[in-house]
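Trainee: Below is a structure I'd like to ask you about.
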Amino acid sequence: MAQVEATTERVVAADAEKVFDALADYRGTRAKVLPEQFSEYEVREGGDGEGTLVHWRLQATSKRVRDCLLEVTEPTDGELVEKDRNSSMVTVWRVTPAGEGASRVVVTSTWTGAGGIGGFFERTFAPKGLGRIYDALLAKFAAEVEK
């Protein structure tokens, strides 16, 4: 079983503090910007960064649905970490300045992949699929924050 990783990034035309605050707003901004692959979204505890517990179902493919229950921490400035209680998946969101009035958002998800031929296909195709999902999320996020 190998580690699988998917990374996506986008520059957002807003300062890093505003971008991070919007990203950590699970009750407001995050709920608004989820693409169609996310369903059953529910904030169960908290709602603003550290201490948040959020649930969703992620339809990665027509046959692959993950039931996610994520604990949110903020280990360092500009970083949100979402650890899934239901799997080995960990998603890290990093926000850094990217010039005057702009920020770079990098999202990286890692998990322990399957073994064998199934694992080969997972390592080959899952990062691209998850990347497309996070590209869509970041596009909607940027449009929301740049208003």
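The way I read the labels, and the way they are meant: chains A, B, ... in the order of the structure tokens, residue 1 as the first residue of every chain, and ligand 1 as the first ligand shown, with later ones counted on from there.
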Region 22-75 of chain A near region 86-99 of chain A within 8 Å: what's each residue's closest atom pair and its distance in Å to one decimal, counting only C-alpha atoms, ordered by chain then ascending residue number, as JSON lines?

Mentor:
```
{"residue": "A:Asp67", "atom": "CA", "partner": "A:Asn86", "partner_atom": "CA", "distance": 7.1}
{"residue": "A:Cys68", "atom": "CA", "partner": "A:Asn86", "partner_atom": "CA", "distance": 6.1}
{"residue": "A:Leu69", "atom": "CA", "partner": "A:Asn86", "partner_atom": "CA", "distance": 6.3}
```

Trainee: Write out as an mmCIF file with N, CA, C and O atoms, in the first residue's frame the residues lying within 7 Å of region 32-39 of chain A, counting only C-alpha atoms and excluding same-chain residues fewer than 5 positions away.

Mentor:
```cif
data_model
loop_
_atom_site.group_PDB
_atom_site.id
_atom_site.type_symbol
_atom_site.label_atom_id
_atom_site.label_comp_id
_atom_site.auth_asym_id
_atom_site.auth_seq_id
_atom_site.Cartn_x
_atom_site.Cartn_y
_atom_site.Cartn_z
ATOM 1 N N TRP A 56 -19.156 15.559 5.027
ATOM 2 C CA TRP A 56 -19.677 15.609 3.664
ATOM 3 C C TRP A 56 -19.472 14.258 3.004
ATOM 4 O O TRP A 56 -18.725 13.421 3.477
ATOM 5 N N ARG A 57 -20.186 14.075 1.926
ATOM 6 C CA ARG A 57 -19.961 12.917 1.051
ATOM 7 C C ARG A 57 -19.307 13.455 -0.209
ATOM 8 O O ARG A 57 -19.763 14.438 -0.769
ATOM 9 N N LEU A 58 -18.241 12.799 -0.632
ATOM 10 C CA LEU A 58 -17.492 13.206 -1.815
ATOM 11 C C LEU A 58 -17.657 12.137 -2.885
ATOM 12 O O LEU A 58 -17.231 10.996 -2.705
ATOM 13 N N GLN A 59 -18.291 12.526 -3.986
ATOM 14 C CA GLN A 59 -18.512 11.617 -5.120
ATOM 15 C C GLN A 59 -17.325 11.791 -6.061
ATOM 16 O O GLN A 59 -17.323 12.637 -6.952
ATOM 17 N N ALA A 60 -16.284 10.993 -5.831
ATOM 18 C CA ALA A 60 -15.051 11.118 -6.605
ATOM 19 C C ALA A 60 -15.233 10.651 -8.049
ATOM 20 O O ALA A 60 -14.696 11.244 -8.979
ATOM 21 N N ALA A 136 -12.200 22.997 -9.329
ATOM 22 C CA ALA A 136 -13.550 23.572 -9.368
ATOM 23 C C ALA A 136 -13.860 24.294 -8.067
ATOM 24 O O ALA A 136 -14.412 25.411 -8.071
ATOM 25 N N LEU A 137 -13.502 23.691 -6.933
ATOM 26 C CA LEU A 137 -13.737 24.326 -5.640
ATOM 27 C C LEU A 137 -12.960 25.642 -5.549
ATOM 28 O O LEU A 137 -13.522 26.670 -5.152
ATOM 29 N N LYS A 140 -14.534 28.465 -7.659
ATOM 30 C CA LYS A 140 -15.709 29.040 -6.993
ATOM 31 C C LYS A 140 -15.292 29.850 -5.772
ATOM 32 O O LYS A 140 -15.841 30.915 -5.500
ATOM 33 N N PHE A 141 -14.293 29.349 -5.045
ATOM 34 C CA PHE A 141 -13.774 30.055 -3.872
ATOM 35 C C PHE A 141 -13.202 31.417 -4.268
ATOM 36 O O PHE A 141 -13.512 32.430 -3.654
#
```

Trainee: Just give me the gap between CA of Thr108 (chain A) and CA of Thr8 (chain A) in Å, one decimal is fine.

Mentor: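 Atom-to-atom, CA of Thr108 (chain A) to CA of Thr8 (chain A), that is 6.6 Å.
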
Trainee: Region 36-131 of chain A near region 3-6 of chain A within 8 Å: what's each residue's closest atom pair and its distance in Å to one decimal, counting only C-alpha atoms, ordered by chain then ascending residue number, as a Markdown table?

Mentor:
```
| residue | atom | partner | partner_atom | distance |
| --- | --- | --- | --- | --- |
| A:Thr108 | CA | A:Ala6 | CA | 5.6 |
| A:Ser109 | CA | A:Ala6 | CA | 5.3 |
| A:Thr110 | CA | A:Glu5 | CA | 4.4 |
| A:Trp111 | CA | A:Val4 | CA | 5.4 |
| A:Thr112 | CA | A:Gln3 | CA | 4.6 |
| A:Gly113 | CA | A:Val4 | CA | 5.7 |
| A:Glu122 | CA | A:Val4 | CA | 7.9 |
| A:Arg123 | CA | A:Val4 | CA | 5.7 |
| A:Ala126 | CA | A:Ala6 | CA | 7.7 |
| A:Pro127 | CA | A:Ala6 | CA | 4.4 |
| A:Lys128 | CA | A:Ala6 | CA | 7.1 |
| A:Leu130 | CA | A:Ala6 | CA | 6.6 |
| A:Gly131 | CA | A:Ala6 | CA | 6.1 |
```

Trainee: Choose the residue, out of A:Glu71, A:Asp21, A:Glu82, A:Asp135, that has the smallest atom-to-atom separation from Glu9 (chain A); count only C-alpha atoms.

Mentor: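 For Glu9 (chain A), the nearest of the given residues is A:Asp135.
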
Trainee: Just asking: which residues within chain A are helix (DSSP H, G or I) according to DSSP, as JSON, numbers by chain?

Mentor: {"A": [16, 17, 18, 19, 20, 21, 22, 23, 29, 30, 31, 32, 116, 117, 118, 119, 120, 121, 122, 123, 124, 125, 126, 127, 128, 129, 130, 131, 132, 133, 134, 135, 136, 137, 138, 139, 140, 141, 142, 143, 144, 145]}

Trainee: Save the residues we just selected, N, CA and C atoms, as a short mmCIF file (atom, residue, chain, number, x, y, z; two decimals), in the first residue's frame?

Mentor:
```
data_model
loop_
_atom_site.label_atom_id
_atom_site.label_comp_id
_atom_site.auth_asym_id
_atom_site.auth_seq_id
_atom_site.Cartn_x
_atom_site.Cartn_y
_atom_site.Cartn_z
N ALA A 16 -3.73 37.54 1.97
CA ALA A 16 -3.66 36.22 2.59
C ALA A 16 -4.57 36.09 3.81
N GLU A 17 -4.66 37.12 4.62
CA GLU A 17 -5.50 37.04 5.82
C GLU A 17 -6.98 36.87 5.45
N LYS A 18 -7.44 37.65 4.47
CA LYS A 18 -8.83 37.53 4.03
C LYS A 18 -9.09 36.14 3.43
N VAL A 19 -8.16 35.66 2.63
CA VAL A 19 -8.31 34.35 1.99
C VAL A 19 -8.35 33.25 3.05
N PHE A 20 -7.44 33.31 4.01
CA PHE A 20 -7.41 32.28 5.05
C PHE A 20 -8.69 32.30 5.88
N ASP A 21 -9.15 33.50 6.27
CA ASP A 21 -10.37 33.61 7.06
C ASP A 21 -11.56 33.03 6.31
N ALA A 22 -11.64 33.27 5.00
CA ALA A 22 -12.75 32.72 4.20
C ALA A 22 -12.63 31.21 4.09
N LEU A 23 -11.42 30.71 3.93
CA LEU A 23 -11.19 29.26 3.83
C LEU A 23 -11.56 28.56 5.14
N THR A 29 -18.52 30.65 3.87
CA THR A 29 -17.85 30.59 2.57
C THR A 29 -17.67 29.17 2.05
N ARG A 30 -17.13 28.29 2.88
CA ARG A 30 -16.85 26.93 2.39
C ARG A 30 -18.12 26.23 1.94
N ALA A 31 -19.20 26.41 2.67
CA ALA A 31 -20.47 25.78 2.30
C ALA A 31 -20.96 26.29 0.94
N LYS A 32 -20.67 27.54 0.62
CA LYS A 32 -21.13 28.16 -0.64
C LYS A 32 -20.35 27.71 -1.87
N GLY A 116 -1.97 -3.79 -4.93
CA GLY A 116 -2.25 -4.53 -6.15
C GLY A 116 -2.62 -3.66 -7.34
N ILE A 117 -3.35 -4.28 -8.27
CA ILE A 117 -3.73 -3.58 -9.51
C ILE A 117 -4.68 -2.43 -9.22
N GLY A 118 -5.58 -2.61 -8.23
CA GLY A 118 -6.47 -1.53 -7.83
C GLY A 118 -5.70 -0.32 -7.34
N GLY A 119 -4.65 -0.58 -6.57
CA GLY A 119 -3.80 0.49 -6.08
C GLY A 119 -3.07 1.21 -7.20
N PHE A 120 -2.65 0.44 -8.22
CA PHE A 120 -1.99 1.06 -9.37
C PHE A 120 -2.93 2.07 -10.04
N PHE A 121 -4.18 1.64 -10.27
CA PHE A 121 -5.14 2.54 -10.91
C PHE A 121 -5.47 3.72 -10.01
N GLU A 122 -5.57 3.48 -8.71
CA GLU A 122 -5.85 4.57 -7.77
C GLU A 122 -4.72 5.60 -7.81
N ARG A 123 -3.47 5.14 -7.73
CA ARG A 123 -2.32 6.06 -7.75
C ARG A 123 -2.23 6.81 -9.08
N THR A 124 -2.68 6.17 -10.16
CA THR A 124 -2.60 6.77 -11.49
C THR A 124 -3.71 7.79 -11.72
N PHE A 125 -4.94 7.45 -11.36
CA PHE A 125 -6.09 8.27 -11.74
C PHE A 125 -6.69 9.12 -10.63
N ALA A 126 -6.62 8.68 -9.39
CA ALA A 126 -7.26 9.43 -8.30
C ALA A 126 -6.69 10.84 -8.12
N PRO A 127 -5.37 11.04 -8.18
CA PRO A 127 -4.86 12.40 -8.02
C PRO A 127 -5.40 13.36 -9.09
N LYS A 128 -5.52 12.90 -10.33
CA LYS A 128 -6.05 13.77 -11.40
C LYS A 128 -7.52 14.09 -11.15
N GLY A 129 -8.30 13.09 -10.75
CA GLY A 129 -9.72 13.30 -10.48
C GLY A 129 -9.94 14.24 -9.32
N LEU A 130 -9.20 14.01 -8.23
CA LEU A 130 -9.34 14.89 -7.07
C LEU A 130 -8.84 16.29 -7.40
N GLY A 131 -7.80 16.37 -8.21
CA GLY A 131 -7.30 17.68 -8.66
C GLY A 131 -8.37 18.47 -9.40
N ARG A 132 -9.13 17.80 -10.27
CA ARG A 132 -10.22 18.48 -10.99
C ARG A 132 -11.30 18.98 -10.03
N ILE A 133 -11.60 18.17 -9.02
CA ILE A 133 -12.61 18.57 -8.03
C ILE A 133 -12.14 19.80 -7.27
N TYR A 134 -10.87 19.78 -6.82
CA TYR A 134 -10.35 20.93 -6.08
C TYR A 134 -10.12 22.14 -6.97
N ASP A 135 -9.83 21.95 -8.26
CA ASP A 135 -9.77 23.08 -9.20
C ASP A 135 -11.12 23.78 -9.24
N ALA A 136 -12.20 23.00 -9.33
CA ALA A 136 -13.55 23.57 -9.37
C ALA A 136 -13.86 24.29 -8.07
N LEU A 137 -13.50 23.69 -6.93
CA LEU A 137 -13.74 24.33 -5.64
C LEU A 137 -12.96 25.64 -5.55
N LEU A 138 -11.69 25.63 -5.93
CA LEU A 138 -10.87 26.85 -5.84
C LEU A 138 -11.35 27.94 -6.80
N ALA A 139 -11.88 27.56 -7.94
CA ALA A 139 -12.43 28.56 -8.88
C ALA A 139 -13.65 29.25 -8.25
N LYS A 140 -14.53 28.46 -7.66
CA LYS A 140 -15.71 29.04 -6.99
C LYS A 140 -15.29 29.85 -5.77
N PHE A 141 -14.29 29.35 -5.05
CA PHE A 141 -13.77 30.06 -3.87
C PHE A 141 -13.20 31.42 -4.27
N ALA A 142 -12.37 31.43 -5.32
CA ALA A 142 -11.77 32.69 -5.77
C ALA A 142 -12.85 33.68 -6.19
N ALA A 143 -13.85 33.21 -6.92
CA ALA A 143 -14.94 34.11 -7.35
C ALA A 143 -15.66 34.69 -6.15
N GLU A 144 -15.86 33.90 -5.13
CA GLU A 144 -16.55 34.36 -3.90
C GLU A 144 -15.70 35.38 -3.14
N VAL A 145 -14.42 35.09 -2.96
CA VAL A 145 -13.53 35.95 -2.16
C VAL A 145 -13.17 37.24 -2.90
#
```

Trainee: For the atom pair CA of Thr7 (chain A) and CA of Gly46 (chain A), what is the interatomic distance in Å to one decimal place?

Mentor: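 These atoms are spaced 26.4 Å apart.
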
Trainee: Which residues, written as number ranges by chain, have at least one atom at most 7 Å from region 100-102 of chain A, with only C-alpha atoms counted and residues fewer than 5 positions away on the same chain left out?

Mentor: A: 11-16

Trainee: In Å, rounded to a single decimal, give me how far CA of Val72 (chain A) is from CA of Ser103 (chain A).

Mentor: 21.1 Å

Trainee: Please give the complete set of residues from region 7-147 of chain A that DSSP, run on the backbone, assigns to strand (DSSP E or B), formatted as an MDAnalysis selection string.

Mentor: chainID A and resid 7:12 25 38:45 48 53:59 65:73 79:84 90:97 103:112

Trainee: Once you have the residues from the selection above, write them out as a CSV table (one decimal), in the first residue's frame, restricted to C-alpha atoms.

Mentor:
```csv
chain,number,residue,atom,x,y,z
A,7,THR,CA,-2.1,18.7,-5.1
A,8,THR,CA,-3.8,21.7,-6.6
A,9,GLU,CA,-3.1,25.4,-6.3
A,10,ARG,CA,-4.6,28.8,-7.4
A,11,VAL,CA,-3.7,32.4,-7.0
A,12,VAL,CA,-6.5,34.4,-5.5
A,25,ASP,CA,-15.3,29.7,7.4
A,38,PHE,CA,-19.9,17.3,-2.5
A,39,SER,CA,-23.2,16.5,-0.8
A,40,GLU,CA,-24.7,16.1,2.7
A,41,TYR,CA,-22.5,19.0,3.9
A,42,GLU,CA,-22.9,19.6,7.6
A,43,VAL,CA,-20.9,21.5,10.3
A,44,ARG,CA,-21.2,19.4,13.4
A,45,GLU,CA,-19.0,21.4,15.8
A,48,ASP,CA,-14.5,28.6,12.1
A,53,LEU,CA,-15.9,19.0,12.8
A,54,VAL,CA,-17.5,18.9,9.4
A,55,HIS,CA,-19.2,16.1,7.4
A,56,TRP,CA,-19.7,15.6,3.7
A,57,ARG,CA,-20.0,12.9,1.1
A,58,LEU,CA,-17.5,13.2,-1.8
A,59,GLN,CA,-18.5,11.6,-5.1
A,65,VAL,CA,-18.2,7.9,-2.9
A,66,ARG,CA,-16.3,8.7,0.3
A,67,ASP,CA,-18.2,9.5,3.5
A,68,CYS,CA,-15.9,12.1,5.2
A,69,LEU,CA,-16.0,13.3,8.8
A,70,LEU,CA,-13.2,15.8,9.2
A,71,GLU,CA,-11.5,17.3,12.2
A,72,VAL,CA,-9.9,20.7,11.5
A,73,THR,CA,-6.7,22.0,13.1
A,79,GLU,CA,-2.5,26.4,7.4
A,80,LEU,CA,-5.7,24.3,7.8
A,81,VAL,CA,-5.5,20.6,8.2
A,82,GLU,CA,-8.5,18.4,7.7
A,83,LYS,CA,-8.1,14.8,9.1
A,84,ASP,CA,-10.8,12.4,8.0
A,90,VAL,CA,-5.5,14.2,5.3
A,91,THR,CA,-6.0,17.4,3.4
A,92,VAL,CA,-3.8,20.4,4.1
A,93,TRP,CA,-4.7,23.9,2.9
A,94,ARG,CA,-1.9,26.5,2.8
A,95,VAL,CA,-2.3,30.2,2.2
A,96,THR,CA,0.7,32.4,1.4
A,97,PRO,CA,1.1,35.9,0.1
A,103,SER,CA,-2.5,34.9,-2.2
A,104,ARG,CA,-1.6,31.4,-3.3
A,105,VAL,CA,-3.8,28.7,-2.0
A,106,VAL,CA,-2.3,25.2,-2.2
A,107,VAL,CA,-4.4,22.2,-1.3
A,108,THR,CA,-2.8,18.7,-0.8
A,109,SER,CA,-4.6,15.5,0.0
A,110,THR,CA,-2.8,12.4,1.0
A,111,TRP,CA,-4.0,8.9,1.9
A,112,THR,CA,-2.9,5.3,2.0
```
